Every structure is written in structure tokens, then in C-alpha cells.
Amino acid sequence: MEKVVHVPEVVLNSGYKMPLLGMGTFNFPMPPIDELTSILVDAIKIGYRHFDTAASYGSEEGVGRAVAEAIERGIIKSRQQVFITSKLCCTQAHPQLVLPALKNTLGKLGLDFVDLYLIHWSISMKPDIDIQIIKKKDMVPFDMKGVWEAMEECFKLGLAKSIGVSNFSCTKLSHLLQIANIPPAVNQVEMNVAWQQQKLLEFCREKGVHVSGYSPLGANGGPWGSHAVMRCPILSHIATTRRKTIPQVALRWVYEQGESVIVKSFNKERMKQNLVEIFNWELSSEDNFRIRAIPQRRGCNGEPFIHPNGPYKSIDELWDGEI
């Protein structure tokens, strides 16, 4: 029987606990549903208890099937042993569509609730278009107040135990906090040693909003990815000195910031490597000093959402100058 790794948890401002390491499920192309389910069941066997999906990923059904199979096989005892995050698609980011969108997500997952429901981007698109084929002319103004009120309704109905946002700048998050009755529990953003997000981290800590980092390895091989993390000489030196892998050093750095990390690999051996030996050692002050010197550059810049006639006319405008 495989040794199960126990992942530390954080208590969100909603009062609920969230595992500090989650498994991402975005992949292009997405494996067939049976293959995806098998991969995710293997992840649960190893010790993953937090799964990150989204309406736009096409992985919600696979996540739901994996949870059901893991319970049936006795790998976990109940639904309460896993933490499921999903996200509102931009085409459904309209006040009247949020609740139906979450109910659709729950139907695909086969669950009564999600542990965390996020606004995927501060972006709205015309409903009923194919989200996989982004056309800039389909962008429409984002009604932050109306959409967030609908998210709060999902929370009040018990369909989402916690609610939050993704890809929000400090400026957008500040605006949301001013109008929210229920504050966002999480802001999930790109975060790695090559995009350290220090300003956002400080702001979120001050406001009690937990930061969850995606692309901790630089989305190496992904559509917006780069080799800035995996081929970083500084990380390579630290990994060699510490007898660790580069991913282990990169993931440990995010964890030491006090934030959660969403890591993705569908390779069983790498899934293990990304989970094992992250929590039982520490980077030295010298290691951290070296990491702070790594050149900074945002990877996922949202360029597909920029249009001269749209709500965001430049990348700088989308991120409110926080680039």
C-alpha cells in the first residue's frame, strides 16, 4: 500500500480549512474521461486532497468521478475528506447566470457543494459562446458588484462553502472588498519564483485574503508557460546543494510564503515528486536571498482578453499597472 502524504492546511476567513497543496486539472488536450479519472484516483491514493478545476477546463466530471470512485474503493471515507475548487466561466460572469453556472458545475461533479468557488477572471464574455475559442469582440463590461452579490448568494445557499476570486490585481481586490458583504476567502493568481507577487502578497495578508498560487513551475510546456523556473540557474544550484529537485525547491518557496500552491502533473511519478518532501525541510536565508534576485516577469498576462473596443484596451489596464 502506498504511503499517504499528509498535507498541512490553512484556515480561510470563511472558517473552513483548505489543504496548502492542491492538484491542478487543466490540461490541453484533456485526456479521455476514464483516463483522467484514473489519474485523479491515483493522486488521491498518494495523498492529494485538494483538487482545482474550472468550468472552462473540461475536467469537472473527471474530478467528480474520481472522488466517487475513491470513496467506493475505501481510499477515502467520505466527500468531506477532499477539498474541491471550481471557477465561474467568463461567459457566465453575469449576475443572473452565476447560480445556474454553479448548479451546472455541481451536476458535472456529482456533488452537493464545492469547497471553494472562484470568479475565474474579472472579465465577462457574451453568454453561449465557445470559451475555447476566445474572440476579443465577445468581451463585455464586467459587473463586479452584481456578480459578487450572486457569488454571495451561492455561499448563503450552502452550494459553496467559501467564495473568492482569481487573477485579481490589488486594485480590483480593493474595489471588491469595499462593496462585498462577504469578503473573498481566496485570490488565486500566478505565483512562482519568477513572478513572486510581493505587492499582492502583502496586500492580501493585510486584508485577510489567502493567496493560492498557480503555475508554480512556470507552466512549463503550457500555452503561456516558460522555462523561467525549470531552467533557472539559481534554483538549479539550490536543488543540487540541497539534494532536491528543482520542482521541490520551487514548490517549497511558495509554501514558505504562507500561501497554498496548485501544482499540475498527470505523470504518476512526478505527482509523487511534487507532493513528497515539500513539507519536511526549509530553505535557508541564503537560499531565499538568491531567489529574491531572480528576474521577474508575468507569464499569464491575459493578452487574449485585450481589445481596442473591449473593457480592457491594454495589458497594463487589465492588471491596473501591476505588471
# chains A, B, ... in the order shown; residues from 1 in each chain; ligands from 1
call {"tool": "closest_atom_pairs", "arguments": {"of": "segment 1-120 of chain A", "to": "segment 213-219 of chain A", "cutoff": "12 Å", "atoms": "only C-alpha atoms", "output": "JSON lines"}}
result
{"residue": "A:Leu20", "atom": "CA", "partner": "A:Gly213", "partner_atom": "CA", "distance": 10.0}
{"residue": "A:Leu21", "atom": "CA", "partner": "A:Gly213", "partner_atom": "CA", "distance": 9.5}
{"residue": "A:Gly22", "atom": "CA", "partner": "A:Tyr214", "partner_atom": "CA", "distance": 9.5}
{"residue": "A:Met23", "atom": "CA", "partner": "A:Tyr214", "partner_atom": "CA", "distance": 9.8}
{"residue": "A:Gly24", "atom": "CA", "partner": "A:Tyr214", "partner_atom": "CA", "distance": 8.1}
{"residue": "A:Thr25", "atom": "CA", "partner": "A:Tyr214", "partner_atom": "CA", "distance": 11.1}
{"residue": "A:Phe26", "atom": "CA", "partner": "A:Ala219", "partner_atom": "CA", "distance": 10.7}
{"residue": "A:Asn27", "atom": "CA", "partner": "A:Ala219", "partner_atom": "CA", "distance": 10.7}
{"residue": "A:Asp52", "atom": "CA", "partner": "A:Tyr214", "partner_atom": "CA", "distance": 9.8}
{"residue": "A:Thr53", "atom": "CA", "partner": "A:Tyr214", "partner_atom": "CA", "distance": 11.7}
call {"tool": "residues_around", "arguments": {"residues": "segment 278-288 of chain A", "least_positions_apart": "5", "cutoff": "8 Å", "atoms": "only C-alpha atoms", "output": "mmCIF file with all heavy atoms, in the first residue's frame"}}
result
data_model
loop_
_atom_site.group_PDB
_atom_site.id
_atom_site.type_symbol
_atom_site.label_atom_id
_atom_site.label_comp_id
_atom_site.auth_asym_id
_atom_site.auth_seq_id
_atom_site.Cartn_x
_atom_site.Cartn_y
_atom_site.Cartn_z
ATOM 1 N N VAL A 7 -0.935 16.586 4.001
ATOM 2 C CA VAL A 7 -0.666 17.964 3.590
ATOM 3 C C VAL A 7 -1.188 18.927 4.659
ATOM 4 O O VAL A 7 -2.336 18.811 5.087
ATOM 5 C CB VAL A 7 -1.348 18.262 2.237
ATOM 6 C CG1 VAL A 7 -1.159 19.720 1.829
ATOM 7 C CG2 VAL A 7 -0.801 17.323 1.157
ATOM 8 N N ILE A 238 20.532 25.652 -5.962
ATOM 9 C CA ILE A 238 19.942 25.331 -4.654
ATOM 10 C C ILE A 238 19.538 23.861 -4.613
ATOM 11 O O ILE A 238 19.774 23.160 -3.619
ATOM 12 C CB ILE A 238 18.729 26.238 -4.368
ATOM 13 C CG1 ILE A 238 19.184 27.693 -4.212
ATOM 14 C CG2 ILE A 238 17.979 25.779 -3.109
ATOM 15 C CD1 ILE A 238 18.035 28.692 -4.150
ATOM 16 N N GLN A 248 10.781 20.659 -6.394
ATOM 17 C CA GLN A 248 10.650 20.649 -4.930
ATOM 18 C C GLN A 248 11.102 21.973 -4.324
ATOM 19 O O GLN A 248 10.466 22.482 -3.396
ATOM 20 C CB GLN A 248 11.441 19.480 -4.343
ATOM 21 C CG GLN A 248 10.760 18.133 -4.548
ATOM 22 C CD GLN A 248 11.639 16.952 -4.197
ATOM 23 O OE1 GLN A 248 12.859 17.071 -4.073
ATOM 24 N NE2 GLN A 248 11.027 15.786 -4.044
ATOM 25 N N VAL A 249 12.170 22.542 -4.847
ATOM 26 C CA VAL A 249 12.637 23.842 -4.353
ATOM 27 C C VAL A 249 11.613 24.930 -4.689
ATOM 28 O O VAL A 249 11.266 25.765 -3.841
ATOM 29 C CB VAL A 249 14.014 24.201 -4.949
ATOM 30 C CG1 VAL A 249 14.434 25.619 -4.539
ATOM 31 C CG2 VAL A 249 15.076 23.193 -4.509
ATOM 32 N N LEU A 251 8.378 24.642 -5.279
ATOM 33 C CA LEU A 251 7.144 24.472 -4.510
ATOM 34 C C LEU A 251 7.357 24.831 -3.045
ATOM 35 O O LEU A 251 6.486 25.436 -2.407
ATOM 36 C CB LEU A 251 6.641 23.033 -4.630
ATOM 37 C CG LEU A 251 6.217 22.589 -6.026
ATOM 38 C CD1 LEU A 251 5.849 21.116 -6.040
ATOM 39 C CD2 LEU A 251 5.061 23.427 -6.544
ATOM 40 N N ARG A 252 8.516 24.466 -2.526
ATOM 41 C CA ARG A 252 8.824 24.801 -1.137
ATOM 42 C C ARG A 252 8.855 26.318 -0.948
ATOM 43 O O ARG A 252 8.384 26.839 0.085
ATOM 44 C CB ARG A 252 10.176 24.201 -0.728
ATOM 45 C CG ARG A 252 10.608 24.527 0.709
ATOM 46 C CD ARG A 252 9.751 23.851 1.735
ATOM 47 N NE ARG A 252 9.876 24.492 3.050
ATOM 48 C CZ ARG A 252 9.295 24.043 4.155
ATOM 49 N NH1 ARG A 252 8.570 22.949 4.133
ATOM 50 N NH2 ARG A 252 9.425 24.700 5.290
ATOM 51 N N TRP A 253 9.371 27.045 -1.939
ATOM 52 C CA TRP A 253 9.430 28.503 -1.817
ATOM 53 C C TRP A 253 8.027 29.086 -1.689
ATOM 54 O O TRP A 253 7.778 29.936 -0.828
ATOM 55 C CB TRP A 253 10.152 29.121 -3.024
ATOM 56 C CG TRP A 253 10.168 30.623 -2.932
ATOM 57 C CD1 TRP A 253 11.039 31.404 -2.228
ATOM 58 C CD2 TRP A 253 9.190 31.514 -3.503
ATOM 59 N NE1 TRP A 253 10.672 32.727 -2.333
ATOM 60 C CE2 TRP A 253 9.544 32.828 -3.104
ATOM 61 C CE3 TRP A 253 8.071 31.325 -4.309
ATOM 62 C CZ2 TRP A 253 8.810 33.943 -3.499
ATOM 63 C CZ3 TRP A 253 7.338 32.434 -4.693
ATOM 64 C CH2 TRP A 253 7.712 33.723 -4.284
ATOM 65 N N GLU A 256 6.598 28.369 1.726
ATOM 66 C CA GLU A 256 7.207 29.171 2.798
ATOM 67 C C GLU A 256 6.706 30.617 2.803
ATOM 68 O O GLU A 256 6.918 31.337 3.785
ATOM 69 C CB GLU A 256 8.732 29.132 2.693
ATOM 70 C CG GLU A 256 9.312 27.801 3.128
ATOM 71 C CD GLU A 256 10.821 27.839 3.343
ATOM 72 O OE1 GLU A 256 11.399 28.946 3.355
ATOM 73 O OE2 GLU A 256 11.409 26.747 3.485
#
call {"tool": "closest_residue", "arguments": {"among": "A:Val41, A:Ala54, A:Ala250, A:Leu235", "to": "Glu72 of chain A", "atoms": "only C-alpha atoms"}}
result
A:Val41
call {"tool": "residues_around", "arguments": {"residues": "segment 300-314 of chain A", "least_positions_apart": "2", "cutoff": "10 Å", "atoms": "only C-alpha atoms", "output": "mmCIF file with N, CA and C atoms, in the first residue's frame"}}
result
data_model
loop_
_atom_site.group_PDB
_atom_site.id
_atom_site.type_symbol
_atom_site.label_atom_id
_atom_site.label_comp_id
_atom_site.auth_asym_id
_atom_site.auth_seq_id
_atom_site.Cartn_x
_atom_site.Cartn_y
_atom_site.Cartn_z
ATOM 1 N N TRP A 121 -11.869 35.133 -13.785
ATOM 2 C CA TRP A 121 -11.206 36.373 -14.202
ATOM 3 C C TRP A 121 -12.176 37.534 -13.953
ATOM 4 N N ILE A 123 -13.538 39.356 -15.810
ATOM 5 C CA ILE A 123 -13.873 39.510 -17.229
ATOM 6 C C ILE A 123 -15.215 38.848 -17.487
ATOM 7 N N SER A 124 -16.056 39.492 -18.276
ATOM 8 C CA SER A 124 -17.297 38.886 -18.739
ATOM 9 C C SER A 124 -17.255 38.791 -20.260
ATOM 10 N N MET A 125 -17.804 37.699 -20.758
ATOM 11 C CA MET A 125 -17.926 37.495 -22.192
ATOM 12 C C MET A 125 -19.384 37.203 -22.516
ATOM 13 N N ILE A 134 -11.621 32.034 -27.956
ATOM 14 C CA ILE A 134 -11.800 33.392 -27.454
ATOM 15 C C ILE A 134 -11.730 34.383 -28.614
ATOM 16 N N LYS A 135 -12.818 35.122 -28.789
ATOM 17 C CA LYS A 135 -12.844 36.191 -29.782
ATOM 18 C C LYS A 135 -12.960 37.511 -29.028
ATOM 19 N N LYS A 136 -12.034 38.383 -29.276
ATOM 20 C CA LYS A 136 -11.961 39.612 -28.483
ATOM 21 C C LYS A 136 -13.226 40.461 -28.590
ATOM 22 N N LYS A 137 -13.936 40.316 -29.686
ATOM 23 C CA LYS A 137 -15.169 41.088 -29.850
ATOM 24 C C LYS A 137 -16.273 40.602 -28.906
ATOM 25 N N ASP A 138 -16.066 39.445 -28.269
ATOM 26 C CA ASP A 138 -17.077 38.885 -27.367
ATOM 27 C C ASP A 138 -16.947 39.398 -25.936
ATOM 28 N N MET A 139 -15.940 40.248 -25.673
ATOM 29 C CA MET A 139 -15.770 40.819 -24.335
ATOM 30 C C MET A 139 -16.851 41.867 -24.062
ATOM 31 N N VAL A 140 -17.405 41.820 -22.858
ATOM 32 C CA VAL A 140 -18.395 42.831 -22.443
ATOM 33 C C VAL A 140 -18.011 43.328 -21.053
ATOM 34 N N PRO A 141 -18.525 44.474 -20.604
ATOM 35 C CA PRO A 141 -18.156 45.011 -19.287
ATOM 36 C C PRO A 141 -18.482 44.027 -18.156
ATOM 37 N N PHE A 142 -17.603 44.007 -17.165
ATOM 38 C CA PHE A 142 -17.729 43.107 -16.018
ATOM 39 C C PHE A 142 -18.444 43.832 -14.877
ATOM 40 N N ASN A 167 -7.027 35.815 -10.407
ATOM 41 C CA ASN A 167 -6.436 36.790 -11.331
ATOM 42 C C ASN A 167 -6.902 38.221 -11.062
ATOM 43 N N VAL A 189 -3.825 33.281 -8.029
ATOM 44 C CA VAL A 189 -3.075 34.030 -9.036
ATOM 45 C C VAL A 189 -1.837 33.246 -9.457
ATOM 46 N N GLU A 190 -1.278 33.647 -10.581
ATOM 47 C CA GLU A 190 0.015 33.102 -10.992
ATOM 48 C C GLU A 190 1.061 33.492 -9.948
ATOM 49 N N SER A 215 0.590 27.805 -11.500
ATOM 50 C CA SER A 215 1.817 27.820 -12.317
ATOM 51 C C SER A 215 3.074 27.990 -11.467
ATOM 52 N N GLY A 218 6.110 27.628 -13.441
ATOM 53 C CA GLY A 218 6.185 28.466 -14.634
ATOM 54 C C GLY A 218 5.356 27.966 -15.798
ATOM 55 N N ALA A 219 4.379 27.065 -15.510
ATOM 56 C CA ALA A 219 3.541 26.482 -16.578
ATOM 57 C C ALA A 219 4.422 25.938 -17.692
ATOM 58 N N PRO A 223 0.438 26.658 -22.543
ATOM 59 C CA PRO A 223 0.265 27.663 -23.598
ATOM 60 C C PRO A 223 0.862 29.020 -23.258
ATOM 61 N N TRP A 224 0.930 29.396 -21.966
ATOM 62 C CA TRP A 224 1.515 30.680 -21.600
ATOM 63 C C TRP A 224 2.837 30.476 -20.842
ATOM 64 N N GLY A 225 3.301 29.254 -20.823
ATOM 65 C CA GLY A 225 4.431 28.909 -19.956
ATOM 66 C C GLY A 225 5.782 29.344 -20.481
ATOM 67 N N SER A 226 6.776 29.174 -19.612
ATOM 68 C CA SER A 226 8.160 29.486 -19.965
ATOM 69 C C SER A 226 9.077 28.577 -19.154
ATOM 70 N N ARG A 297 8.953 38.330 -14.203
ATOM 71 C CA ARG A 297 8.159 38.540 -15.423
ATOM 72 C C ARG A 297 6.876 37.738 -15.316
ATOM 73 N N ARG A 298 5.730 38.392 -15.527
ATOM 74 C CA ARG A 298 4.439 37.697 -15.533
ATOM 75 C C ARG A 298 4.363 36.776 -16.736
ATOM 76 N N ASP A 316 -1.678 46.499 -19.460
ATOM 77 C CA ASP A 316 -1.485 47.364 -18.300
ATOM 78 C C ASP A 316 -2.829 47.708 -17.647
ATOM 79 N N GLU A 317 -3.853 47.928 -18.462
ATOM 80 C CA GLU A 317 -5.181 48.264 -17.939
ATOM 81 C C GLU A 317 -5.818 47.058 -17.249
ATOM 82 N N LEU A 318 -5.641 45.872 -17.834
ATOM 83 C CA LEU A 318 -6.200 44.650 -17.236
ATOM 84 C C LEU A 318 -5.650 44.435 -15.820
ATOM 85 N N TRP A 319 -4.348 44.680 -15.645
ATOM 86 C CA TRP A 319 -3.705 44.432 -14.356
ATOM 87 C C TRP A 319 -3.554 45.710 -13.524
ATOM 88 N N ASP A 320 -4.174 46.790 -13.957
ATOM 89 C CA ASP A 320 -4.140 48.056 -13.230
ATOM 90 C C ASP A 320 -2.718 48.526 -12.952
ATOM 91 N N GLY A 321 -1.875 48.336 -13.952
ATOM 92 C CA GLY A 321 -0.483 48.787 -13.826
ATOM 93 C C GLY A 321 0.398 47.882 -13.012
ATOM 94 N N ILE A 323 2.109 45.225 -13.382
ATOM 95 C CA ILE A 323 2.804 44.289 -14.252
ATOM 96 C C ILE A 323 4.320 44.477 -14.162
#
call {"tool": "select_by_dssp", "arguments": {"residues": "segment 39-73 of chain A", "states": "alpha helix (DSSP H)", "output": "MDAnalysis selection string"}}
result
chainID A and resid 39:46 60:72
call {"tool": "write_last_selection", "arguments": {"atoms": "C-alpha atoms", "output": "PDB file, in the first residue's frame"}}
result
ATOM      1  CA  ILE A  39      -5.067   9.697 -12.874  1.00  0.00           C
ATOM      2  CA  LEU A  40      -7.005  11.567 -10.196  1.00  0.00           C
ATOM      3  CA  VAL A  41      -7.769   8.392  -8.229  1.00  0.00           C
ATOM      4  CA  ASP A  42      -4.004   7.708  -8.204  1.00  0.00           C
ATOM      5  CA  ALA A  43      -3.490  11.249  -6.887  1.00  0.00           C
ATOM      6  CA  ILE A  44      -5.938  10.614  -4.042  1.00  0.00           C
ATOM      7  CA  LYS A  45      -4.094   7.373  -3.229  1.00  0.00           C
ATOM      8  CA  ILE A  46      -0.804   9.267  -2.921  1.00  0.00           C
ATOM      9  CA  GLU A  60     -15.120  18.741 -13.577  1.00  0.00           C
ATOM     10  CA  GLU A  61     -16.733  15.426 -14.473  1.00  0.00           C
ATOM     11  CA  GLY A  62     -13.420  13.589 -14.102  1.00  0.00           C
ATOM     12  CA  VAL A  63     -12.836  15.132 -10.680  1.00  0.00           C
ATOM     13  CA  GLY A  64     -16.319  14.100  -9.551  1.00  0.00           C
ATOM     14  CA  ARG A  65     -15.908  10.561 -10.827  1.00  0.00           C
ATOM     15  CA  ALA A  66     -12.534  10.225  -9.107  1.00  0.00           C
ATOM     16  CA  VAL A  67     -13.948  11.343  -5.755  1.00  0.00           C
ATOM     17  CA  ALA A  68     -16.858   8.901  -6.095  1.00  0.00           C
ATOM     18  CA  GLU A  69     -14.533   6.027  -7.025  1.00  0.00           C
ATOM     19  CA  ALA A  70     -12.117   6.814  -4.196  1.00  0.00           C
ATOM     20  CA  ILE A  71     -14.986   6.669  -1.700  1.00  0.00           C
ATOM     21  CA  GLU A  72     -16.344   3.472  -3.214  1.00  0.00           C
TER      22      GLU A  72
END
call {"tool": "closest_residue", "arguments": {"among": "A:Arg79, A:Arg231, A:His175, A:His94", "to": "Asp128 of chain A", "atoms": "only C-alpha atoms"}}
result
A:His94
call {"tool": "select_by_dssp", "arguments": {"residues": "segment 21-145 of chain A", "states": "strand (DSSP E)", "output": "VMD selection string"}}
result
chain A and resid 21 to 24 50 to 52 83 to 88 114 to 119 124 to 125 139 to 140
call {"tool": "write_last_selection", "arguments": {"atoms": "N, CA, C and O atoms", "output": "PDB file, in the first residue's frame"}}
result
ATOM      1  N   LEU A  21      -1.591  22.373  -0.457  1.00  0.00           N
ATOM      2  CA  LEU A  21      -1.116  21.933  -1.769  1.00  0.00           C
ATOM      3  C   LEU A  21      -2.272  21.270  -2.487  1.00  0.00           C
ATOM      4  O   LEU A  21      -2.917  20.367  -1.949  1.00  0.00           O
ATOM      5  N   GLY A  22      -2.578  21.768  -3.670  1.00  0.00           N
ATOM      6  CA  GLY A  22      -3.671  21.223  -4.459  1.00  0.00           C
ATOM      7  C   GLY A  22      -3.179  20.741  -5.801  1.00  0.00           C
ATOM      8  O   GLY A  22      -2.114  21.137  -6.279  1.00  0.00           O
ATOM      9  N   MET A  23      -3.977  19.869  -6.420  1.00  0.00           N
ATOM     10  CA  MET A  23      -3.626  19.356  -7.745  1.00  0.00           C
ATOM     11  C   MET A  23      -4.463  20.058  -8.796  1.00  0.00           C
ATOM     12  O   MET A  23      -5.697  20.029  -8.758  1.00  0.00           O
ATOM     13  N   GLY A  24      -3.799  20.709  -9.736  1.00  0.00           N
ATOM     14  CA  GLY A  24      -4.495  21.345 -10.841  1.00  0.00           C
ATOM     15  C   GLY A  24      -4.943  20.319 -11.863  1.00  0.00           C
ATOM     16  O   GLY A  24      -4.322  19.258 -12.010  1.00  0.00           O
ATOM     17  N   HIS A  50      -6.804  18.101  -2.287  1.00  0.00           N
ATOM     18  CA  HIS A  50      -7.328  19.368  -2.809  1.00  0.00           C
ATOM     19  C   HIS A  50      -7.213  19.301  -4.329  1.00  0.00           C
ATOM     20  O   HIS A  50      -6.120  19.115  -4.873  1.00  0.00           O
ATOM     21  N   PHE A  51      -8.344  19.441  -5.025  1.00  0.00           N
ATOM     22  CA  PHE A  51      -8.362  19.383  -6.480  1.00  0.00           C
ATOM     23  C   PHE A  51      -8.946  20.676  -7.038  1.00  0.00           C
ATOM     24  O   PHE A  51      -9.997  21.127  -6.604  1.00  0.00           O
ATOM     25  N   ASP A  52      -8.236  21.245  -7.996  1.00  0.00           N
ATOM     26  CA  ASP A  52      -8.588  22.536  -8.572  1.00  0.00           C
ATOM     27  C   ASP A  52      -9.079  22.325  -9.998  1.00  0.00           C
ATOM     28  O   ASP A  52      -8.332  21.860 -10.859  1.00  0.00           O
ATOM     29  N   PHE A  83     -11.106  18.504  -0.766  1.00  0.00           N
ATOM     30  CA  PHE A  83     -11.427  19.922  -0.947  1.00  0.00           C
ATOM     31  C   PHE A  83     -11.473  20.182  -2.441  1.00  0.00           C
ATOM     32  O   PHE A  83     -10.478  19.988  -3.146  1.00  0.00           O
ATOM     33  N   ILE A  84     -12.635  20.619  -2.926  1.00  0.00           N
ATOM     34  CA  ILE A  84     -12.820  20.826  -4.361  1.00  0.00           C
ATOM     35  C   ILE A  84     -13.023  22.312  -4.655  1.00  0.00           C
ATOM     36  O   ILE A  84     -13.929  22.950  -4.127  1.00  0.00           O
ATOM     37  N   THR A  85     -12.160  22.829  -5.519  1.00  0.00           N
ATOM     38  CA  THR A  85     -12.275  24.205  -6.005  1.00  0.00           C
ATOM     39  C   THR A  85     -12.732  24.185  -7.457  1.00  0.00           C
ATOM     40  O   THR A  85     -12.215  23.414  -8.266  1.00  0.00           O
ATOM     41  N   SER A  86     -13.718  25.028  -7.792  1.00  0.00           N
ATOM     42  CA  SER A  86     -14.043  25.237  -9.198  1.00  0.00           C
ATOM     43  C   SER A  86     -14.205  26.737  -9.436  1.00  0.00           C
ATOM     44  O   SER A  86     -14.167  27.537  -8.496  1.00  0.00           O
ATOM     45  N   LYS A  87     -14.381  27.084 -10.708  1.00  0.00           N
ATOM     46  CA  LYS A  87     -14.360  28.501 -11.075  1.00  0.00           C
ATOM     47  C   LYS A  87     -15.472  28.837 -12.066  1.00  0.00           C
ATOM     48  O   LYS A  87     -15.801  28.022 -12.936  1.00  0.00           O
ATOM     49  N   LEU A  88     -15.965  30.044 -11.916  1.00  0.00           N
ATOM     50  CA  LEU A  88     -17.016  30.585 -12.783  1.00  0.00           C
ATOM     51  C   LEU A  88     -16.415  30.970 -14.128  1.00  0.00           C
ATOM     52  O   LEU A  88     -15.463  31.753 -14.195  1.00  0.00           O
ATOM     53  N   VAL A 114     -19.370  22.771  -3.570  1.00  0.00           N
ATOM     54  CA  VAL A 114     -17.919  22.883  -3.739  1.00  0.00           C
ATOM     55  C   VAL A 114     -17.367  23.549  -2.484  1.00  0.00           C
ATOM     56  O   VAL A 114     -18.059  24.295  -1.800  1.00  0.00           O
ATOM     57  N   ASP A 115     -16.126  23.250  -2.185  1.00  0.00           N
ATOM     58  CA  ASP A 115     -15.497  23.861  -1.012  1.00  0.00           C
ATOM     59  C   ASP A 115     -15.100  25.303  -1.286  1.00  0.00           C
ATOM     60  O   ASP A 115     -15.087  26.131  -0.370  1.00  0.00           O
ATOM     61  N   LEU A 116     -14.771  25.593  -2.555  1.00  0.00           N
ATOM     62  CA  LEU A 116     -14.358  26.946  -2.928  1.00  0.00           C
ATOM     63  C   LEU A 116     -14.812  27.223  -4.348  1.00  0.00           C
ATOM     64  O   LEU A 116     -14.580  26.413  -5.255  1.00  0.00           O
ATOM     65  N   TYR A 117     -15.481  28.357  -4.543  1.00  0.00           N
ATOM     66  CA  TYR A 117     -15.934  28.762  -5.869  1.00  0.00           C
ATOM     67  C   TYR A 117     -15.351  30.131  -6.163  1.00  0.00           C
ATOM     68  O   TYR A 117     -15.510  31.075  -5.375  1.00  0.00           O
ATOM     69  N   LEU A 118     -14.640  30.238  -7.290  1.00  0.00           N
ATOM     70  CA  LEU A 118     -13.912  31.450  -7.634  1.00  0.00           C
ATOM     71  C   LEU A 118     -14.452  32.092  -8.909  1.00  0.00           C
ATOM     72  O   LEU A 118     -14.851  31.389  -9.844  1.00  0.00           O
ATOM     73  N   ILE A 119     -14.434  33.424  -8.953  1.00  0.00           N
ATOM     74  CA  ILE A 119     -14.596  34.134 -10.220  1.00  0.00           C
ATOM     75  C   ILE A 119     -13.274  33.964 -10.964  1.00  0.00           C
ATOM     76  O   ILE A 119     -12.225  34.394 -10.486  1.00  0.00           O
ATOM     77  N   SER A 124     -16.056  39.492 -18.276  1.00  0.00           N
ATOM     78  CA  SER A 124     -17.297  38.886 -18.739  1.00  0.00           C
ATOM     79  C   SER A 124     -17.255  38.791 -20.260  1.00  0.00           C
ATOM     80  O   SER A 124     -16.747  39.687 -20.941  1.00  0.00           O
ATOM     81  N   MET A 125     -17.804  37.699 -20.758  1.00  0.00           N
ATOM     82  CA  MET A 125     -17.926  37.495 -22.192  1.00  0.00           C
ATOM     83  C   MET A 125     -19.384  37.203 -22.516  1.00  0.00           C
ATOM     84  O   MET A 125     -20.162  36.835 -21.638  1.00  0.00           O
ATOM     85  N   MET A 139     -15.940  40.248 -25.673  1.00  0.00           N
ATOM     86  CA  MET A 139     -15.770  40.819 -24.335  1.00  0.00           C
ATOM     87  C   MET A 139     -16.851  41.867 -24.062  1.00  0.00           C
ATOM     88  O   MET A 139     -17.162  42.686 -24.927  1.00  0.00           O
ATOM     89  N   VAL A 140     -17.405  41.820 -22.858  1.00  0.00           N
ATOM     90  CA  VAL A 140     -18.395  42.831 -22.443  1.00  0.00           C
ATOM     91  C   VAL A 140     -18.011  43.328 -21.053  1.00  0.00           C
ATOM     92  O   VAL A 140     -17.228  42.681 -20.342  1.00  0.00           O
TER      93      VAL A 140
END
call {"tool": "atom_distance", "arguments": {"atom1": "atom CA of Lys199 of chain A", "atom2": "atom CA of His227 of chain A"}}
result
23.4 Å
call {"tool": "closest_residue", "arguments": {"among": "A:Glu277, A:Gly58, A:Glu322, A:Gly146", "to": "Leu200 of chain A", "atoms": "only C-alpha atoms"}}
result
A:Glu322
call {"tool": "atom_distance", "arguments": {"atom1": "atom CA of Leu173 of chain A", "atom2": "atom CA of Pro295 of chain A"}}
result
25.5 Å
call {"tool": "closest_residue", "arguments": {"among": "A:Gly74, A:Gly208, A:Gly299, A:Pro100", "to": "Ser14 of chain A", "atoms": "only C-alpha atoms"}}
result
A:Gly208
call {"tool": "closest_residue", "arguments": {"among": "A:Gly158, A:Gly164, A:Gly107, A:Pro233", "to": "Ala194 of chain A", "atoms": "only C-alpha atoms"}}
result
A:Pro233
call {"tool": "closest_residue", "arguments": {"among": "A:Cys89, A:Val263, A:Val193, A:Val276", "to": "Val229 of chain A", "atoms": "only C-alpha atoms"}}
result
A:Val193
